[in-house]
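Peer 1: Dropping in target27.txt, which is compact mmCIF, C-alpha atoms:
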```txt
# COMPACT_ATOMS: atom_id res chain seq x y z
CA MET S 1 34.01 -24.32 -0.09
CA ASN S 2 32.86 -22.39 2.96
CA THR S 3 30.26 -24.54 4.73
CA ASP S 4 29.10 -21.70 6.97
CA LYS S 5 28.24 -19.51 3.98
CA MET S 6 26.41 -22.36 2.29
CA MET S 7 24.31 -22.82 5.43
CA VAL S 8 23.55 -19.09 5.50
CA ALA S 9 22.44 -19.25 1.87
CA LEU S 10 20.31 -22.36 2.49
CA ASP S 11 18.72 -20.89 5.61
CA GLU S 12 17.85 -17.66 3.77
CA PHE S 13 16.40 -19.60 0.84
CA ILE S 14 14.18 -21.74 3.10
CA HIS S 15 13.10 -18.79 5.25
CA VAL S 16 12.25 -16.47 2.34
CA GLY S 17 10.94 -19.13 -0.05
CA GLY S 18 8.81 -20.93 2.53
CA GLY S 19 7.09 -17.80 3.75
CA LEU S 20 6.40 -16.53 0.25
CA ILE S 21 4.99 -19.85 -0.94
CA LEU S 22 2.30 -19.72 1.76
CA ILE S 23 1.47 -16.10 1.02
CA ILE S 24 1.31 -16.61 -2.76
CA ALA S 25 -0.93 -19.66 -2.30
CA ALA S 26 -3.39 -17.64 -0.21
CA VAL S 27 -3.31 -14.67 -2.60
CA SER S 28 -3.83 -16.96 -5.62
CA ILE S 29 -7.01 -18.35 -4.06
CA LEU S 30 -8.24 -14.86 -3.16
CA THR S 31 -7.54 -13.66 -6.69
CA GLY S 32 -9.44 -16.64 -8.12
CA LEU S 33 -12.45 -15.85 -5.94
CA ILE S 34 -12.51 -12.22 -7.06
CA ARG S 35 -12.04 -13.17 -10.70
CA GLU S 36 -14.84 -15.75 -10.60
CA PHE S 37 -17.44 -13.98 -8.48
CA VAL S 38 -16.84 -10.36 -9.56
CA PRO S 39 -17.39 -10.23 -13.36
CA GLN S 40 -14.82 -7.93 -14.94
CA ASP S 41 -17.10 -6.71 -17.74
CA THR S 42 -19.73 -5.71 -15.16
CA LEU S 43 -17.12 -3.68 -13.29
CA GLN S 44 -16.01 -2.01 -16.50
CA ALA S 45 -19.60 -1.06 -17.31
CA LYS S 46 -20.05 0.45 -13.85
CA LEU S 47 -16.89 2.49 -14.31
CA THR S 48 -18.39 4.01 -17.46
CA LYS S 49 -21.60 5.00 -15.66
CA HIS S 50 -19.91 6.66 -12.67
CA ASP S 51 -17.31 8.98 -14.18
CA LYS S 52 -17.80 11.45 -11.32
CA TRP S 53 -15.94 9.00 -9.10
CA GLY S 54 -14.00 7.56 -12.01
CA SER S 55 -10.47 7.97 -10.67
CA LEU S 56 -11.34 6.38 -7.32
CA LEU S 57 -13.25 3.53 -8.97
CA GLY S 58 -10.51 2.97 -11.56
CA ALA S 59 -7.83 2.74 -8.85
CA SER S 60 -10.01 0.37 -6.83
CA PHE S 61 -10.62 -1.81 -9.90
CA GLY S 62 -6.87 -1.95 -10.45
CA MET S 63 -6.30 -3.29 -6.94
CA LEU S 64 -8.69 -6.17 -7.65
CA THR S 65 -7.02 -7.17 -10.91
CA PRO S 66 -3.51 -8.60 -10.56
CA PHE S 67 -3.10 -9.18 -14.29
CA CYS S 68 0.09 -9.79 -16.14
CA SER S 69 1.22 -6.58 -17.84
CA ALA S 70 -0.02 -7.74 -21.26
CA ALA S 71 -3.49 -8.53 -19.91
CA VAL S 72 -3.95 -4.94 -18.75
CA VAL S 73 -4.22 -3.85 -22.37
CA PRO S 74 -7.30 -5.88 -23.42
CA VAL S 75 -9.06 -4.70 -20.25
CA THR S 76 -8.08 -1.11 -20.98
CA MET S 77 -9.26 -1.48 -24.59
CA GLY S 78 -12.63 -2.65 -23.32
CA MET S 79 -12.88 0.38 -21.05
CA ALA S 80 -11.88 2.75 -23.87
CA THR S 81 -14.37 1.16 -26.28
CA MET S 82 -17.21 1.62 -23.78
CA GLY S 83 -16.36 5.32 -23.43
CA THR S 84 -14.73 5.26 -19.99
CA SER S 85 -12.95 8.54 -19.24
CA LEU S 86 -9.18 8.81 -19.55
CA GLY S 87 -8.95 9.68 -15.84
CA THR S 88 -10.57 6.37 -14.90
CA ILE S 89 -8.42 4.42 -17.37
CA LEU S 90 -5.21 6.05 -16.19
CA SER S 91 -6.04 5.41 -12.53
CA PHE S 92 -6.59 1.75 -13.39
CA LEU S 93 -3.31 1.53 -15.34
CA ILE S 94 -1.36 2.97 -12.40
CA SER S 95 -3.07 0.94 -9.70
CA ALA S 96 -3.15 -2.47 -11.42
CA PRO S 97 0.63 -3.09 -11.49
CA LEU S 98 1.55 -1.08 -8.38
CA CYS S 99 -0.94 -2.04 -5.66
CA ASN S 100 -2.65 -5.28 -6.58
CA PHE S 101 -2.90 -8.12 -4.05
CA ILE S 102 0.21 -9.96 -5.19
CA VAL S 103 2.48 -6.90 -4.99
CA LEU S 104 1.12 -6.00 -1.55
CA ALA S 105 1.58 -9.57 -0.30
CA MET S 106 5.19 -9.64 -1.50
CA ILE S 107 5.99 -6.30 0.15
CA TYR S 108 4.30 -7.39 3.38
CA ALA S 109 6.32 -10.62 3.44
CA ALA S 110 9.58 -8.74 3.01
CA PHE S 111 9.07 -5.49 4.92
CA GLY S 112 6.09 -5.93 7.25
CA PHE S 113 2.76 -4.21 7.79
CA LYS S 114 3.92 -0.61 8.31
CA VAL S 115 5.87 -0.39 5.05
CA THR S 116 3.05 -2.14 3.17
CA ALA S 117 0.39 0.22 4.54
CA ILE S 118 2.40 3.32 3.63
CA TYR S 119 3.25 1.87 0.21
CA LEU S 120 -0.45 1.16 -0.44
CA ALA S 121 -1.50 4.65 0.67
CA LEU S 122 1.17 6.21 -1.56
CA THR S 123 0.51 4.20 -4.73
CA PHE S 124 -3.29 4.21 -4.43
CA SER S 125 -3.29 7.97 -3.84
CA ALA S 126 -1.02 8.44 -6.85
CA ALA S 127 -3.45 6.44 -9.00
CA VAL S 128 -6.47 8.45 -7.84
CA ILE S 129 -4.80 11.88 -7.99
CA GLY S 130 -3.06 11.14 -11.29
CA GLY S 131 -6.32 10.08 -12.94
CA TRP S 132 -8.17 13.08 -11.51
CA LEU S 133 -5.53 15.54 -12.68
CA ILE S 134 -5.51 14.30 -16.26
CA SER S 135 -9.33 14.32 -16.33
CA LYS S 136 -9.16 18.05 -15.58
CA SER S 137 -6.35 18.76 -18.03
CA PRO S 138 -6.36 19.59 -21.78
CA TRP S 139 -5.11 16.01 -22.33
CA LYS S 140 -8.33 14.42 -21.11
CA ASN S 141 -9.20 13.13 -24.60
CA GLU S 142 -5.79 11.56 -25.30
CA VAL S 143 -7.18 8.02 -25.51
CA ARG S 144 -7.95 5.89 -28.54
CA ARG S 145 -11.62 5.00 -28.96
CA ARG S 146 -13.45 2.27 -30.84
CA ASP S 147 -12.60 3.40 -34.37
CA GLU S 148 -8.90 3.77 -33.53
CA LEU S 149 -8.35 0.49 -31.76
CA GLU S 150 -7.22 -2.51 -33.72
CA LEU S 151 -9.65 -5.29 -32.99
CA ALA S 152 -7.08 -7.83 -34.04
CA THR S 153 -5.15 -7.22 -30.84
CA ASN S 154 -8.03 -8.43 -28.66
CA GLY S 155 -7.25 -11.77 -27.12
CA LYS S 156 -3.72 -11.86 -28.58
CA SER S 157 -1.86 -9.79 -26.05
CA CYS S 158 -1.85 -12.32 -23.26
CA SER S 159 -1.81 -16.04 -22.68
CA SER S 160 -4.93 -17.94 -21.67
CA ASN S 161 -3.75 -17.90 -18.08
CA CYS S 162 -4.10 -14.14 -18.02
CA SER S 163 -7.41 -13.90 -19.83
CA THR S 164 -9.87 -11.45 -18.37
CA ASP S 165 -12.87 -12.04 -20.58
CA SER S 166 -15.54 -12.74 -18.04
CA ALA S 167 -17.89 -14.05 -20.70
CA ALA S 168 -15.62 -17.07 -20.93
CA ILE S 169 -15.91 -17.80 -17.21
CA LEU S 170 -19.64 -17.59 -16.67
CA HIS S 171 -21.02 -20.71 -14.96
CA THR S 172 -24.39 -21.85 -13.73
CA THR S 173 -23.57 -23.35 -10.34
CA ASN S 174 -21.46 -22.37 -7.36
CA SER S 175 -19.81 -25.78 -7.50
CA ASP S 176 -18.54 -25.03 -11.01
CA LYS S 177 -17.38 -21.59 -9.89
CA PHE S 178 -15.37 -22.97 -6.98
CA LYS S 179 -13.79 -25.52 -9.32
CA ASN S 180 -12.75 -22.65 -11.56
CA VAL S 181 -11.42 -20.73 -8.56
CA LEU S 182 -9.18 -23.67 -7.68
CA LYS S 183 -8.13 -24.16 -11.30
CA PHE S 184 -7.24 -20.50 -11.70
CA ALA S 185 -5.46 -20.37 -8.31
CA VAL S 186 -3.30 -23.37 -9.24
CA SER S 187 -2.51 -21.84 -12.63
CA LEU S 188 -1.60 -18.47 -11.11
CA PHE S 189 0.47 -20.14 -8.38
CA LYS S 190 2.41 -22.19 -10.96
CA ARG S 191 3.06 -19.08 -13.02
CA ILE S 192 4.39 -17.03 -10.12
CA ILE S 193 6.20 -19.57 -7.96
CA PRO S 194 9.25 -20.12 -10.25
CA TYR S 195 10.07 -16.42 -9.94
CA VAL S 196 9.53 -16.56 -6.18
CA LEU S 197 11.92 -19.48 -5.81
CA LEU S 198 14.48 -17.87 -8.11
CA GLY S 199 14.22 -14.67 -6.10
CA ALA S 200 14.67 -16.65 -2.86
CA LEU S 201 17.72 -18.39 -4.34
CA ILE S 202 19.30 -15.10 -5.41
CA SER S 203 18.45 -13.71 -1.99
CA GLY S 204 20.15 -16.62 -0.27
CA LEU S 205 23.30 -16.39 -2.39
CA SER S 206 23.43 -12.63 -1.92
CA ALA S 207 23.02 -12.94 1.84
CA ALA S 208 25.94 -15.36 1.99
CA TYR S 209 28.36 -14.13 -0.65
CA LEU S 210 27.63 -10.47 -1.53
CA PRO S 211 30.04 -8.19 0.39
CA ALA S 212 28.26 -5.49 2.38
CA GLU S 213 31.05 -3.05 1.51
CA LEU S 214 30.25 -3.39 -2.19
CA VAL S 215 26.58 -2.59 -1.62
CA GLU S 216 27.36 0.42 0.54
CA LYS S 217 29.85 1.75 -2.02
CA TYR S 218 27.60 1.63 -5.09
CA ILE S 219 23.96 1.68 -3.96
CA GLY S 220 24.14 2.58 -0.29
CA GLY S 221 23.48 6.25 -0.74
CA GLY S 222 20.21 7.64 0.56
CA ASP S 223 20.41 11.15 -0.86
CA LEU S 224 17.91 12.55 -3.33
CA SER S 225 20.13 11.91 -6.35
CA SER S 226 20.38 8.18 -5.57
CA ILE S 227 16.59 7.98 -5.21
CA ILE S 228 16.05 9.70 -8.58
CA ILE S 229 18.64 7.47 -10.24
CA ALA S 230 16.99 4.35 -8.79
CA ALA S 231 13.59 5.49 -10.10
CA LEU S 232 15.03 6.22 -13.56
CA ILE S 233 16.80 2.85 -13.64
CA GLY S 234 13.64 1.06 -12.57
CA ILE S 235 11.39 2.43 -15.32
CA PRO S 236 13.20 0.83 -18.29
CA LEU S 237 13.41 -2.52 -16.50
CA TYR S 238 10.79 -5.24 -16.63
CA LEU S 239 11.02 -5.82 -12.87
CA ARG S 240 9.35 -9.02 -11.71
CA ILE S 241 8.16 -8.18 -8.22
CA GLU S 242 8.45 -11.84 -7.20
CA MET S 243 12.19 -11.77 -7.86
CA ALA S 244 12.94 -8.18 -6.87
CA ILE S 245 11.50 -8.13 -3.35
CA PRO S 246 13.61 -10.93 -1.82
CA LEU S 247 16.78 -9.55 -3.40
CA LEU S 248 16.09 -5.96 -2.34
CA ASN S 249 15.43 -7.12 1.19
CA VAL S 250 18.96 -8.55 1.33
CA LEU S 251 20.50 -5.50 -0.32
CA ILE S 252 18.84 -3.26 2.28
CA LEU S 253 20.29 -5.40 5.07
CA LYS S 254 23.70 -5.02 3.45
CA GLY S 255 23.49 -1.23 3.20
CA MET S 256 21.18 -0.19 0.35
CA GLY S 257 19.01 2.76 1.30
CA MET S 258 15.31 2.04 1.82
CA GLY S 259 14.44 5.06 -0.31
CA PRO S 260 16.30 3.95 -3.45
CA ALA S 261 14.97 0.41 -2.97
CA LEU S 262 11.33 1.52 -2.96
CA ALA S 263 11.94 3.96 -5.82
CA LEU S 264 13.35 1.08 -7.86
CA ILE S 265 10.36 -1.15 -7.06
CA ILE S 266 7.77 1.50 -7.94
CA GLY S 267 9.53 2.57 -11.14
CA GLY S 268 10.20 -0.96 -12.40
CA THR S 269 6.81 -2.38 -11.43
CA GLY S 270 4.73 0.58 -12.57
CA ALA S 271 6.15 1.58 -15.95
CA SER S 272 8.60 -0.83 -17.52
CA LEU S 273 9.40 -0.45 -21.23
CA PRO S 274 7.22 -3.44 -22.22
CA GLU S 275 4.37 -1.93 -20.18
CA ILE S 276 4.80 1.46 -21.86
CA ALA S 277 4.84 -0.14 -25.31
CA LEU S 278 1.60 -2.01 -24.58
CA VAL S 279 -0.11 1.01 -23.02
CA SER S 280 0.76 3.03 -26.15
CA SER S 281 -1.64 0.85 -28.13
CA VAL S 282 -4.53 2.36 -26.15
CA LEU S 283 -3.35 5.78 -24.99
CA LYS S 284 -2.15 8.58 -27.23
CA ARG S 285 1.31 10.06 -26.89
CA LYS S 286 0.53 12.81 -24.36
CA ALA S 287 -1.39 10.40 -22.12
CA VAL S 288 1.51 7.91 -22.25
CA LEU S 289 3.86 10.73 -21.23
CA ALA S 290 1.53 11.64 -18.36
CA PHE S 291 1.45 7.97 -17.28
CA VAL S 292 5.27 7.73 -17.18
CA LEU S 293 5.63 11.06 -15.36
CA ILE S 294 3.10 10.02 -12.71
CA ILE S 295 4.95 6.73 -12.09
CA LEU S 296 8.31 8.54 -11.96
CA THR S 297 6.96 11.16 -9.55
CA THR S 298 5.43 8.45 -7.37
CA ALA S 299 8.71 6.51 -7.33
CA VAL S 300 10.75 9.55 -6.29
CA THR S 301 8.15 10.66 -3.73
CA GLY S 302 7.99 7.16 -2.28
CA GLY S 303 11.77 7.00 -2.11
CA VAL S 304 11.95 10.30 -0.24
CA ILE S 305 9.20 9.26 2.19
CA PHE S 306 10.81 5.91 3.00
CA GLN S 307 14.31 7.37 3.21
CA TYR S 308 13.72 10.49 5.28
CA ILE S 309 10.36 10.17 7.02
CA ILE S 310 9.73 6.51 7.86
```
Represent the structure from my file as structure tokens, please.
Peer 2:
Amino acid sequence: MNTDKMMVALDEFIHVGGGLILIIAAVSILTGLIREFVPQDTLQAKLTKHDKWGSLLGASFGMLTPFCSAAVVPVTMGMATMGTSLGTILSFLISAPLCNFIVLAMIYAAFGFKVTAIYLALTFSAAVIGGWLISKSPWKNEVRRRDELELATNGKSCSSNCSTDSAAILHTTNSDKFKNVLKFAVSLFKRIIPYVLLGALISGLSAAYLPAELVEKYIGGGDLSSIIIAALIGIPLYLRIEMAIPLLNVLILKGMGMGPALALIIGGTGASLPEIALVSSVLKRKAVLAFVLIILTTAVTGGVIFQYII
């Protein structure tokens, strides 16, 4: 067994895993603070009252809510039941998986501030513009309302760790709230960290044993067709960002184009098949199609920007 390669793999695992553990710990605490001190039902009610700025508010709300993909649906159902516009809902659905705190932290850890800032500007703009466009289109009513939603799905689409019902987390003292922040942060950290460590392990093994020539041959292209293919491949996948980022970082170092890499991340994170299936329980067919097309367009646009401009 090649000792040098083993040391390369171990060094990569420690470097990537150690850095991400610290970042995920900090983000978990920040997420707990937002979840505890910013009631989600209050935010949803405000979104309903300010439809003029609905797309911007929906995208901003999505950034503050790093839910699991299943938890997005009960939140979206609540928004639809309260009469929130489709533009606001769609902006939230695009922003929540693509530019929440955890995704941004992972991209920052792997690619640095510049890439993260451009990625945030791209995905947040896509959420705002996408929501605004559909609010002005003939499809603006393609959302299921109270009488069409199955109440039985409420509370069953996500585990208790992902629950977003703020009524269940109301407390009378700040001491209790900070205890809940810590409890939630630990729970979120435990849920994410196995994927982080697995991603770091795959990253380490890839850095040591994956031939650069193989990467360059099959996924090293940076032309438009490779970016489109990467985006199309990403959408059917359920791409865990915690695993994907460390691996993609290594693949880029071995020859994968930055454009296809970002297109894959945006496509897989924004509109995986499980996500589309869950979103279909709230949005009607044309709105689901618009959602997928916006994610695909964002993925290809992001790939082009990172491949040819950055």
Peer 1: Calculated over all atoms listed in the file, which of the candidates S:Phe61, S:Tyr108, S:Phe306, S:Phe37 has the smallest distance to Gly19 (chain S)?
Peer 2: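 Among the listed residues, the smallest separation from Gly19 (chain S) belongs to S:Tyr108.
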Peer 1: Please provide the set of residues having any atom within 10 Å of Gly268 (chain S), restricted to all atoms listed in the file, with same-chain residues fewer than 2 positions apart removed, written as a list of chain:residue names.
Peer 2: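 Surrounding residues, per the criterion: S:Pro97, S:Leu98, S:Ala230, S:Ala231, S:Leu232, S:Ile233, S:Gly234, S:Ile235, S:Pro236, S:Leu237, S:Tyr238, S:Leu239, S:Arg240, S:Ile241, S:Ala244, S:Leu262, S:Ala263, S:Leu264, S:Ile265, S:Ile266, S:Gly270, S:Ala271, S:Ser272, S:Leu273, S:Glu275, S:Ile295, S:Leu296, S:Ala299.
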Peer 1: Go through S:Ile309, S:Val288, S:Ile245, S:Ile14 one by one, measure the shortest atom-to-atom distance of each to Ile94 (chain S) using all atoms listed in the file, and give the residue with the smallest value.
Peer 2: S:Val288
Peer 1: What is the distance, in Å and to one decimal place, between CA of Glu12 (chain S) and CA of Ala117 (chain S)?
Peer 2: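 Between CA of Glu12 (chain S) and CA of Ala117 (chain S) the gap is 25.0 Å.
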Peer 1: Given all atoms listed in the file as the basis, pick out the residue of S:Ile129, S:Lys140, S:Leu56, S:Ile107 nearest to Pro246 (chain S).
Peer 2: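 Going through S:Ile129, S:Lys140, S:Leu56, S:Ile107 one by one, the smallest distance to Pro246 (chain S) is for S:Ile107.
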Peer 1: Rank nothing, just name the residue among S:Ile252, S:Ile134, S:Leu122, S:Val186 nearest to Val304 (chain S), using only C-alpha atoms.
Peer 2: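 Answer, going by the shortest atom-to-atom distance: S:Leu122.
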Peer 1: List the neighbours of region 277-284 of chain S out to 6 Å using all atoms listed in the file; skip same-chain residues closer than 3 positions along the sequence, and give me the result as a ChimeraX atom specification.
Peer 2: /S:142-144,274,287-288
Peer 1: Separation of CA of Ser55 (chain S) and CA of Val128 (chain S), in Å?
Peer 2: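 Between these atoms lies a distance of 4.9 Å.
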Peer 1: Any idea what the distance is between CA of Phe13 (chain S) and CA of Val103 (chain S)?
Peer 2: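 Here the two named atoms are 19.7 Å from each other.
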Peer 1: Using all atoms listed in the file, which residues sit within 10 Å of Ile118 (chain S) once same-chain residues fewer than 3 positions away are excluded, as number ranges by chain?
Peer 2: S: 113-115, 121-124, 302, 305-306, 310
Peer 1: For Lys5 (chain S), please output as a list in words all residues within 8 Å (counting only C-alpha atoms; exclusion window: fewer than 4 positions along the same chain).
Peer 2: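 Selected residues are Ala9, Ala208 and Tyr209 of chain S.
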Peer 1: If we count all atoms listed in the file, what is near Leu33 (chain S) at a cut-off of 9 Å, once residues fewer than 6 positions away on the same chain are taken out, given as a ChimeraX atom specification?
Peer 2: /S:177-178,180-182,185
Peer 1: Write the residues of the selection above to a file with C-alpha atoms, as a PDB file, in the frame of the given file.
Peer 2:
```pdb
ATOM      1  CA  LYS S 177     -17.380 -21.590  -9.890  1.00  0.00           C
ATOM      2  CA  PHE S 178     -15.370 -22.970  -6.980  1.00  0.00           C
ATOM      3  CA  ASN S 180     -12.750 -22.650 -11.560  1.00  0.00           C
ATOM      4  CA  VAL S 181     -11.420 -20.730  -8.560  1.00  0.00           C
ATOM      5  CA  LEU S 182      -9.180 -23.670  -7.680  1.00  0.00           C
ATOM      6  CA  ALA S 185      -5.460 -20.370  -8.310  1.00  0.00           C
TER       7      ALA S 185
END
```
Peer 1: Counting all atoms listed in the file, which of S:Ser187, S:Gln307, S:Thr81, S:Thr301 gets nearest to Ile24 (chain S)?
Peer 2: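 Between S:Ser187, S:Gln307, S:Thr81, S:Thr301, the residue approaching Ile24 (chain S) most closely is S:Ser187.
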Peer 1: Taking only C-alpha atoms into account, which of S:Ile23, S:Val300, S:Ile229, S:Leu289 comes nearest Met106 (chain S)?
Peer 2: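 Of the candidates, the smallest distance to Met106 (chain S) is held by S:Ile23.
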